[in-house]
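Structure file query_20.cif with mmCIF, C-alpha atoms, pLDDT in the B column; chains and numbers go by the auth columns:
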```cif
data_input
loop_
_atom_site.group_PDB
_atom_site.id
_atom_site.type_symbol
_atom_site.label_atom_id
_atom_site.label_comp_id
_atom_site.label_asym_id
_atom_site.label_seq_id
_atom_site.Cartn_x
_atom_site.Cartn_y
_atom_site.Cartn_z
_atom_site.B_iso_or_equiv
_atom_site.auth_seq_id
_atom_site.auth_asym_id
ATOM 1 C CA MET A 1 -21.699 -13.801 -18.927 67.00 1 Z
ATOM 2 C CA ALA A 2 -19.063 -11.051 -18.843 82.00 2 Z
ATOM 3 C CA LEU A 3 -19.796 -7.914 -16.863 89.00 3 Z
ATOM 4 C CA ALA A 4 -20.127 -4.608 -18.697 92.00 4 Z
ATOM 5 C CA GLN A 5 -16.993 -2.506 -18.242 90.00 5 Z
ATOM 6 C CA LYS A 6 -18.841 0.220 -16.327 93.00 6 Z
ATOM 7 C CA THR A 7 -20.396 -2.354 -14.006 95.00 7 Z
ATOM 8 C CA PHE A 8 -17.010 -3.956 -13.390 94.00 8 Z
ATOM 9 C CA GLY A 9 -15.537 -0.530 -12.654 94.00 9 Z
ATOM 10 C CA ARG A 10 -18.197 0.224 -10.058 96.00 10 Z
ATOM 11 C CA LEU A 11 -17.851 -3.178 -8.373 96.00 11 Z
ATOM 12 C CA SER A 12 -14.093 -2.751 -8.164 94.00 12 Z
ATOM 13 C CA LEU A 13 -14.600 0.721 -6.695 96.00 13 Z
ATOM 14 C CA TYR A 14 -17.078 -0.629 -4.137 97.00 14 Z
ATOM 15 C CA ARG A 15 -14.578 -3.229 -3.015 95.00 15 Z
ATOM 16 C CA HIS A 16 -11.785 -0.689 -2.601 95.00 16 Z
ATOM 17 C CA ILE A 17 -14.087 1.508 -0.529 97.00 17 Z
ATOM 18 C CA LEU A 18 -15.178 -1.455 1.585 96.00 18 Z
ATOM 19 C CA ASP A 19 -11.587 -2.600 2.152 94.00 19 Z
ATOM 20 C CA THR A 20 -10.757 0.883 3.433 95.00 20 Z
ATOM 21 C CA LEU A 21 -13.762 0.869 5.754 96.00 21 Z
ATOM 22 C CA LEU A 22 -12.786 -2.549 7.115 95.00 22 Z
ATOM 23 C CA ALA A 23 -9.268 -1.306 7.805 94.00 23 Z
ATOM 24 C CA GLU A 24 -10.795 1.619 9.714 96.00 24 Z
ATOM 25 C CA GLY A 25 -12.900 -0.734 11.842 96.00 25 Z
ATOM 26 C CA THR A 26 -16.302 -0.320 10.190 96.00 26 Z
ATOM 27 C CA ARG A 27 -18.199 -3.607 10.027 95.00 27 Z
ATOM 28 C CA SER A 28 -21.474 -2.800 8.268 95.00 28 Z
ATOM 29 C CA LEU A 29 -23.118 -0.133 6.110 95.00 29 Z
ATOM 30 C CA PHE A 30 -26.277 0.548 4.139 95.00 30 Z
ATOM 31 C CA SER A 31 -26.521 0.716 0.363 93.00 31 Z
ATOM 32 C CA HIS A 32 -27.140 4.468 0.443 95.00 32 Z
ATOM 33 C CA GLU A 33 -23.937 4.952 2.446 96.00 33 Z
ATOM 34 C CA LEU A 34 -21.901 2.957 -0.052 96.00 34 Z
ATOM 35 C CA ALA A 35 -23.608 4.851 -2.875 96.00 35 Z
ATOM 36 C CA GLN A 36 -22.627 8.198 -1.384 97.00 36 Z
ATOM 37 C CA LEU A 37 -18.995 7.130 -1.015 97.00 37 Z
ATOM 38 C CA ALA A 38 -18.927 5.806 -4.599 96.00 38 Z
ATOM 39 C CA GLY A 39 -20.746 8.758 -6.146 96.00 39 Z
ATOM 40 C CA VAL A 40 -23.696 6.717 -7.467 96.00 40 Z
ATOM 41 C CA THR A 41 -27.293 6.106 -6.413 96.00 41 Z
ATOM 42 C CA ALA A 42 -28.420 3.522 -3.882 93.00 42 Z
ATOM 43 C CA ALA A 43 -30.543 1.927 -6.598 94.00 43 Z
ATOM 44 C CA GLN A 44 -27.425 1.543 -8.762 96.00 44 Z
ATOM 45 C CA VAL A 45 -25.565 -0.135 -5.912 95.00 45 Z
ATOM 46 C CA ARG A 46 -28.408 -2.600 -5.385 92.00 46 Z
ATOM 47 C CA ARG A 47 -28.577 -3.389 -9.125 93.00 47 Z
ATOM 48 C CA ASP A 48 -24.825 -3.955 -9.307 94.00 48 Z
ATOM 49 C CA LEU A 49 -24.906 -6.290 -6.288 92.00 49 Z
ATOM 50 C CA MET A 50 -27.972 -8.237 -7.418 91.00 50 Z
ATOM 51 C CA PRO A 51 -25.945 -10.972 -9.224 90.00 51 Z
ATOM 52 C CA ALA A 52 -24.018 -11.581 -5.982 88.00 52 Z
ATOM 53 C CA ARG A 53 -27.286 -12.630 -4.303 88.00 53 Z
ATOM 54 C CA ILE A 54 -26.380 -10.972 -1.039 88.00 54 Z
ATOM 55 C CA THR A 55 -28.912 -9.185 1.109 83.00 55 Z
ATOM 56 C CA GLY A 56 -28.478 -6.687 3.888 82.00 56 Z
ATOM 57 C CA SER A 57 -30.152 -6.378 7.253 84.00 57 Z
ATOM 58 C CA PRO A 58 -32.942 -3.754 7.570 86.00 58 Z
ATOM 59 C CA THR A 59 -31.299 -2.518 10.787 87.00 59 Z
ATOM 60 C CA LYS A 60 -27.568 -2.864 10.030 88.00 60 Z
ATOM 61 C CA GLY A 61 -27.310 -2.922 6.248 91.00 61 Z
ATOM 62 C CA TYR A 62 -24.659 -5.059 4.580 93.00 62 Z
ATOM 63 C CA GLU A 63 -22.006 -6.904 6.558 95.00 63 Z
ATOM 64 C CA ILE A 64 -18.888 -5.481 4.907 96.00 64 Z
ATOM 65 C CA ARG A 65 -16.671 -8.549 5.020 95.00 65 Z
ATOM 66 C CA ALA A 66 -19.396 -10.689 3.449 94.00 66 Z
ATOM 67 C CA LEU A 67 -19.989 -8.017 0.826 95.00 67 Z
ATOM 68 C CA VAL A 68 -16.287 -7.905 -0.094 95.00 68 Z
ATOM 69 C CA HIS A 69 -16.353 -11.684 -0.490 93.00 69 Z
ATOM 70 C CA ALA A 70 -19.486 -11.510 -2.645 94.00 70 Z
ATOM 71 C CA ILE A 71 -17.988 -8.862 -4.943 95.00 71 Z
ATOM 72 C CA GLY A 72 -14.862 -10.987 -5.264 92.00 72 Z
ATOM 73 C CA GLY A 73 -17.049 -13.811 -6.490 91.00 73 Z
ATOM 74 C CA LEU A 74 -18.244 -11.560 -9.305 92.00 74 Z
ATOM 75 C CA ILE A 75 -14.986 -9.989 -10.470 91.00 75 Z
ATOM 76 C CA ASP A 76 -12.161 -12.315 -9.415 89.00 76 Z
ATOM 77 C CA ALA A 77 -10.970 -15.461 -11.157 85.00 77 Z
ATOM 78 C CA ARG A 78 -11.727 -18.763 -9.446 85.00 78 Z
ATOM 79 C CA SER A 79 -8.029 -19.536 -9.200 86.00 79 Z
ATOM 80 C CA PRO A 80 -5.152 -17.068 -8.677 87.00 80 Z
ATOM 81 C CA GLU A 81 -3.921 -15.172 -11.742 93.00 81 Z
ATOM 82 C CA SER A 82 -0.403 -13.900 -12.381 95.00 82 Z
ATOM 83 C CA ALA A 83 0.956 -10.847 -14.178 97.00 83 Z
ATOM 84 C CA VAL A 84 4.404 -9.658 -15.235 98.00 84 Z
ATOM 85 C CA LEU A 85 5.748 -6.115 -15.283 98.00 85 Z
ATOM 86 C CA VAL A 86 8.288 -4.739 -17.756 98.00 86 Z
ATOM 87 C CA GLY A 87 10.239 -1.642 -16.783 97.00 87 Z
ATOM 88 C CA ILE A 88 11.755 -1.434 -13.281 96.00 88 Z
ATOM 89 C CA GLY A 89 12.013 2.354 -13.111 95.00 89 Z
ATOM 90 C CA ASN A 90 10.399 4.615 -10.531 95.00 90 Z
ATOM 91 C CA LEU A 91 6.883 3.904 -11.799 95.00 91 Z
ATOM 92 C CA GLY A 92 7.479 0.182 -12.081 96.00 92 Z
ATOM 93 C CA ARG A 93 8.824 0.034 -8.534 96.00 93 Z
ATOM 94 C CA ALA A 94 5.859 2.015 -7.232 96.00 94 Z
ATOM 95 C CA ILE A 95 3.431 -0.389 -8.901 95.00 95 Z
ATOM 96 C CA LEU A 96 5.250 -3.410 -7.456 95.00 96 Z
ATOM 97 C CA ALA A 97 5.066 -1.853 -3.996 95.00 97 Z
ATOM 98 C CA HIS A 98 1.383 -0.999 -4.394 92.00 98 Z
ATOM 99 C CA PHE A 99 0.310 -4.472 -5.527 88.00 99 Z
ATOM 100 C CA HIS A 100 2.491 -6.528 -3.195 88.00 100 Z
ATOM 101 C CA GLY A 101 0.140 -8.668 -1.100 80.00 101 Z
ATOM 102 C CA ARG A 102 -2.866 -6.547 -2.076 80.00 102 Z
ATOM 103 C CA ASN A 103 -4.977 -9.127 -3.927 80.00 103 Z
ATOM 104 C CA PRO A 104 -4.435 -12.854 -3.300 82.00 104 Z
ATOM 105 C CA LYS A 105 -6.258 -13.646 -6.555 84.00 105 Z
ATOM 106 C CA LEU A 106 -4.066 -11.391 -8.732 90.00 106 Z
ATOM 107 C CA SER A 107 -0.353 -10.820 -8.243 93.00 107 Z
ATOM 108 C CA ILE A 108 2.726 -9.647 -10.128 96.00 108 Z
ATOM 109 C CA VAL A 109 5.047 -12.639 -10.090 95.00 109 Z
ATOM 110 C CA ALA A 110 7.958 -11.338 -12.173 97.00 110 Z
ATOM 111 C CA ALA A 111 9.480 -8.066 -13.360 98.00 111 Z
ATOM 112 C CA PHE A 112 11.833 -7.499 -16.291 98.00 112 Z
ATOM 113 C CA ASP A 113 14.308 -4.867 -17.434 97.00 113 Z
ATOM 114 C CA ASP A 114 17.214 -4.619 -19.860 95.00 114 Z
ATOM 115 C CA ASP A 115 19.361 -2.747 -17.318 94.00 115 Z
ATOM 116 C CA PRO A 116 21.678 -5.310 -15.646 93.00 116 Z
ATOM 117 C CA THR A 117 21.848 -3.189 -12.469 92.00 117 Z
ATOM 118 C CA LYS A 118 18.109 -3.685 -11.873 92.00 118 Z
ATOM 119 C CA VAL A 119 17.813 -7.455 -12.235 93.00 119 Z
ATOM 120 C CA ASN A 120 18.678 -10.637 -10.337 93.00 120 Z
ATOM 121 C CA ARG A 121 17.091 -9.336 -7.137 93.00 121 Z
ATOM 122 C CA ILE A 122 13.761 -9.402 -5.304 94.00 122 Z
ATOM 123 C CA LEU A 123 11.845 -6.141 -5.170 93.00 123 Z
ATOM 124 C CA HIS A 124 8.677 -5.892 -3.062 93.00 124 Z
ATOM 125 C CA GLY A 125 8.367 -9.662 -3.118 92.00 125 Z
ATOM 126 C CA THR A 126 8.770 -9.847 -6.909 95.00 126 Z
ATOM 127 C CA VAL A 127 11.686 -11.529 -8.652 94.00 127 Z
ATOM 128 C CA CYS A 128 13.359 -9.255 -11.236 96.00 128 Z
ATOM 129 C CA TYR A 129 14.778 -10.849 -14.382 97.00 129 Z
ATOM 130 C CA PRO A 130 16.688 -9.757 -17.491 97.00 130 Z
ATOM 131 C CA LEU A 131 14.340 -8.881 -20.362 97.00 131 Z
ATOM 132 C CA ASP A 132 15.769 -11.790 -22.377 96.00 132 Z
ATOM 133 C CA ASP A 133 14.159 -14.177 -19.879 97.00 133 Z
ATOM 134 C CA LEU A 134 10.644 -12.846 -20.496 98.00 134 Z
ATOM 135 C CA PRO A 135 9.433 -15.261 -23.222 97.00 135 Z
ATOM 136 C CA THR A 136 10.481 -18.368 -21.312 97.00 136 Z
ATOM 137 C CA THR A 137 9.065 -17.133 -17.990 96.00 137 Z
ATOM 138 C CA VAL A 138 5.718 -16.122 -19.487 97.00 138 Z
ATOM 139 C CA ARG A 139 5.313 -19.357 -21.430 96.00 139 Z
ATOM 140 C CA ASP A 140 6.479 -21.677 -18.656 95.00 140 Z
ATOM 141 C CA GLN A 141 4.141 -20.095 -16.077 94.00 141 Z
ATOM 142 C CA GLY A 142 1.212 -19.612 -18.450 95.00 142 Z
ATOM 143 C CA ILE A 143 1.012 -15.890 -17.694 96.00 143 Z
ATOM 144 C CA ARG A 144 -1.606 -13.944 -19.666 96.00 144 Z
ATOM 145 C CA ILE A 145 -1.347 -10.438 -18.160 97.00 145 Z
ATOM 146 C CA GLY A 146 1.391 -7.870 -18.743 98.00 146 Z
ATOM 147 C CA ILE A 147 2.100 -4.391 -17.372 98.00 147 Z
ATOM 148 C CA VAL A 148 4.156 -1.972 -19.471 98.00 148 Z
ATOM 149 C CA THR A 149 6.055 0.753 -17.594 97.00 149 Z
ATOM 150 C CA VAL A 150 8.876 1.456 -20.046 97.00 150 Z
ATOM 151 C CA PRO A 151 9.581 4.743 -21.900 95.00 151 Z
ATOM 152 C CA ALA A 152 7.376 5.500 -24.905 95.00 152 Z
ATOM 153 C CA ALA A 153 10.085 4.631 -27.428 96.00 153 Z
ATOM 154 C CA ALA A 154 10.330 1.058 -26.136 97.00 154 Z
ATOM 155 C CA ALA A 155 6.653 0.419 -25.371 97.00 155 Z
ATOM 156 C CA GLN A 156 5.544 -1.071 -28.711 98.00 156 Z
ATOM 157 C CA THR A 157 8.544 -3.412 -28.857 97.00 157 Z
ATOM 158 C CA VAL A 158 7.881 -4.590 -25.298 98.00 158 Z
ATOM 159 C CA ALA A 159 4.174 -5.022 -25.987 98.00 159 Z
ATOM 160 C CA ASP A 160 4.921 -7.078 -29.108 98.00 160 Z
ATOM 161 C CA LEU A 161 7.295 -9.283 -27.110 98.00 161 Z
ATOM 162 C CA LEU A 162 4.661 -9.843 -24.422 98.00 162 Z
ATOM 163 C CA VAL A 163 1.997 -10.759 -26.975 98.00 163 Z
ATOM 164 C CA GLN A 164 4.347 -13.069 -28.857 97.00 164 Z
ATOM 165 C CA SER A 165 5.111 -14.795 -25.553 97.00 165 Z
ATOM 166 C CA GLY A 166 1.426 -15.505 -24.888 97.00 166 Z
ATOM 167 C CA VAL A 167 0.098 -12.449 -23.030 97.00 167 Z
ATOM 168 C CA THR A 168 -3.472 -11.568 -24.003 97.00 168 Z
ATOM 169 C CA GLY A 169 -4.155 -8.633 -21.641 97.00 169 Z
ATOM 170 C CA LEU A 170 -2.023 -5.505 -21.284 97.00 170 Z
ATOM 171 C CA LEU A 171 -2.020 -2.550 -18.901 97.00 171 Z
ATOM 172 C CA ASN A 172 0.022 0.199 -20.556 97.00 172 Z
ATOM 173 C CA PHE A 173 1.427 3.143 -18.610 96.00 173 Z
ATOM 174 C CA ALA A 174 3.702 4.350 -21.415 94.00 174 Z
ATOM 175 C CA PRO A 175 2.516 7.626 -23.040 91.00 175 Z
ATOM 176 C CA VAL A 176 1.986 6.069 -26.469 93.00 176 Z
ATOM 177 C CA ARG A 177 -0.897 4.309 -28.223 93.00 177 Z
ATOM 178 C CA LEU A 178 -0.077 0.652 -28.750 96.00 178 Z
ATOM 179 C CA GLN A 179 -1.053 -1.290 -31.855 96.00 179 Z
ATOM 180 C CA LEU A 180 -2.064 -4.805 -30.841 96.00 180 Z
ATOM 181 C CA PRO A 181 -3.980 -7.782 -32.292 96.00 181 Z
ATOM 182 C CA ALA A 182 -7.758 -7.711 -31.851 95.00 182 Z
ATOM 183 C CA ASN A 183 -7.661 -10.649 -29.420 95.00 183 Z
ATOM 184 C CA VAL A 184 -5.526 -8.720 -26.892 97.00 184 Z
ATOM 185 C CA TYR A 185 -7.369 -6.654 -24.281 96.00 185 Z
ATOM 186 C CA LEU A 186 -5.651 -3.308 -23.741 96.00 186 Z
ATOM 187 C CA GLU A 187 -6.079 -0.793 -20.943 94.00 187 Z
ATOM 188 C CA GLU A 188 -4.037 2.398 -21.301 94.00 188 Z
ATOM 189 C CA ILE A 189 -3.296 4.917 -18.539 92.00 189 Z
ATOM 190 C CA ASP A 190 -1.682 8.203 -19.559 89.00 190 Z
ATOM 191 C CA PHE A 191 -0.850 10.326 -16.515 87.00 191 Z
ATOM 192 C CA GLY A 192 -0.087 13.355 -18.678 87.00 192 Z
ATOM 193 C CA MET A 193 -3.486 13.299 -20.371 87.00 193 Z
ATOM 194 C CA SER A 194 -5.235 12.696 -17.062 88.00 194 Z
ATOM 195 C CA LEU A 195 -3.492 15.670 -15.463 89.00 195 Z
ATOM 196 C CA GLU A 196 -4.371 17.881 -18.440 89.00 196 Z
ATOM 197 C CA LYS A 197 -8.024 16.798 -18.064 86.00 197 Z
ATOM 198 C CA VAL A 198 -8.016 17.659 -14.352 89.00 198 Z
ATOM 199 C CA ALA A 199 -6.440 21.052 -15.073 91.00 199 Z
ATOM 200 C CA TYR A 200 -8.995 21.827 -17.802 86.00 200 Z
ATOM 201 C CA TYR A 201 -12.049 21.005 -15.697 87.00 201 Z
ATOM 202 C CA THR A 202 -10.546 22.706 -12.648 89.00 202 Z
ATOM 203 C CA ARG A 203 -10.277 25.920 -14.669 83.00 203 Z
ATOM 204 C CA GLY A 204 -13.926 25.532 -15.643 73.00 204 Z
ATOM 205 C CA ARG A 205 -15.031 25.142 -12.026 68.00 205 Z
ATOM 206 C CA VAL A 206 -13.002 28.175 -10.951 65.00 206 Z
ATOM 207 C CA ALA A 207 -14.543 30.259 -13.758 62.00 207 Z
ATOM 208 C CA LYS A 208 -18.057 29.243 -12.722 65.00 208 Z
ATOM 209 C CA GLY A 209 -17.232 30.217 -9.159 63.00 209 Z
ATOM 210 C CA GLY A 210 -16.295 33.678 -10.319 49.00 210 Z
ATOM 211 C CA ARG A 211 -12.716 33.459 -9.147 48.00 211 Z
#
```
Is it possible to give me this structure as structure tokens?
Amino acid sequence: MALAQKTFGRLSLYRHILDTLLAEGTRSLFSHELAQLAGVTAAQVRRDLMPARITGSPTKGYEIRALVHAIGGLIDARSPESAVLVGIGNLGRAILAHFHGRNPKLSIVAAFDDDPTKVNRILHGTVCYPLDDLPTTVRDQGIRIGIVTVPAAAAQTVADLLVQSGVTGLLNFAPVRLQLPANVYLEEIDFGMSLEKVAYYTRGRVAKGGR
């Protein structure tokens, strides 16, 4: 059974927190400590982890490495999945750098652009191809996930090309609402809207503080 989106979001957040703690040398923690770091209750953490069937020690809490593995069993695919990225600009490059080697179960295996100066090279471990090569690459490798980091004017055309090539899940960073078939899962991230939201609620907090 598929996880609810909010549950998935919390589990993914837990894992990112736990990965950071591992990198810092922490080896175990209690549910209330994870809850505090994630901004939820300890009861919520325990409910979210219940399907993983992992229990903690009364004296040491959860063993972090085992907990990361258990969460992976809930949210990762059984076999590695591949994604492609379209748009090798500053944002596209930053995303390639961020994801390189980050998750062995999910990786960006190809990038595409219509600028000939940006292709036929390897960038952060990812092969960069001309945009014309996208349909063949996606179909031949059975890729189902696409990332759109092109300007707004080109985003719908790129999204249509990805869907026509067989992609059924899109992460869109372009500041435009995409129109896609109902069978395509779409996640949209608009940095401009997010910044406006932060600014709005920051003003509200300052006003309440009397400053």
Name all residues at most 12 Å from segment 45-51 of chain Z (count only C-alpha atoms; drop same-chain ones fewer than 3 positions away) and give them as number ranges by chain.
Z: 1-15, 30-42, 54-56, 61-62, 67-75
Computed gap from atom CA of Phe99 of chain Z to atom CA of Ile17 of chain Z is 16.4 Å
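When you apply the PyMOL selection byres ((chain Z and resi 108) around 6) to this structure, what comes back is Z:Ser82, Z:Ala83, Z:Val84, Z:Ser107, Z:Val109, Z:Ala110.
Here atom CA of Ile88 of chain Z stands at a distance of 6.0 Å from atom CA of Asp113 of chain Z.
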Expected selection from the PyMOL selection byres ((chain Z and resi 111) around 12), given as a ChimeraX atom specification
/Z:82-89,92-93,95-96,107-110,112-115,118-134,137-138,146-150
Those residues you just picked out, can you put them in a file as a CSV table (one decimal), keeping the file's coordinate frame with C-alpha atoms?
```csv
chain,number,residue,atom,x,y,z
Z,82,SER,CA,-0.4,-13.9,-12.4
Z,83,ALA,CA,1.0,-10.8,-14.2
Z,84,VAL,CA,4.4,-9.7,-15.2
Z,85,LEU,CA,5.7,-6.1,-15.3
Z,86,VAL,CA,8.3,-4.7,-17.8
Z,87,GLY,CA,10.2,-1.6,-16.8
Z,88,ILE,CA,11.8,-1.4,-13.3
Z,89,GLY,CA,12.0,2.4,-13.1
Z,92,GLY,CA,7.5,0.2,-12.1
Z,93,ARG,CA,8.8,0.0,-8.5
Z,95,ILE,CA,3.4,-0.4,-8.9
Z,96,LEU,CA,5.2,-3.4,-7.5
Z,107,SER,CA,-0.4,-10.8,-8.2
Z,108,ILE,CA,2.7,-9.6,-10.1
Z,109,VAL,CA,5.0,-12.6,-10.1
Z,110,ALA,CA,8.0,-11.3,-12.2
Z,112,PHE,CA,11.8,-7.5,-16.3
Z,113,ASP,CA,14.3,-4.9,-17.4
Z,114,ASP,CA,17.2,-4.6,-19.9
Z,115,ASP,CA,19.4,-2.7,-17.3
Z,118,LYS,CA,18.1,-3.7,-11.9
Z,119,VAL,CA,17.8,-7.5,-12.2
Z,120,ASN,CA,18.7,-10.6,-10.3
Z,121,ARG,CA,17.1,-9.3,-7.1
Z,122,ILE,CA,13.8,-9.4,-5.3
Z,123,LEU,CA,11.8,-6.1,-5.2
Z,124,HIS,CA,8.7,-5.9,-3.1
Z,125,GLY,CA,8.4,-9.7,-3.1
Z,126,THR,CA,8.8,-9.8,-6.9
Z,127,VAL,CA,11.7,-11.5,-8.7
Z,128,CYS,CA,13.4,-9.3,-11.2
Z,129,TYR,CA,14.8,-10.8,-14.4
Z,130,PRO,CA,16.7,-9.8,-17.5
Z,131,LEU,CA,14.3,-8.9,-20.4
Z,132,ASP,CA,15.8,-11.8,-22.4
Z,133,ASP,CA,14.2,-14.2,-19.9
Z,134,LEU,CA,10.6,-12.8,-20.5
Z,137,THR,CA,9.1,-17.1,-18.0
Z,138,VAL,CA,5.7,-16.1,-19.5
Z,146,GLY,CA,1.4,-7.9,-18.7
Z,147,ILE,CA,2.1,-4.4,-17.4
Z,148,VAL,CA,4.2,-2.0,-19.5
Z,149,THR,CA,6.1,0.8,-17.6
Z,150,VAL,CA,8.9,1.5,-20.0
```
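Distance-wise, atom CA of Ala159 of chain Z and atom CA of Pro175 of chain Z end up 13.1 Å apart.
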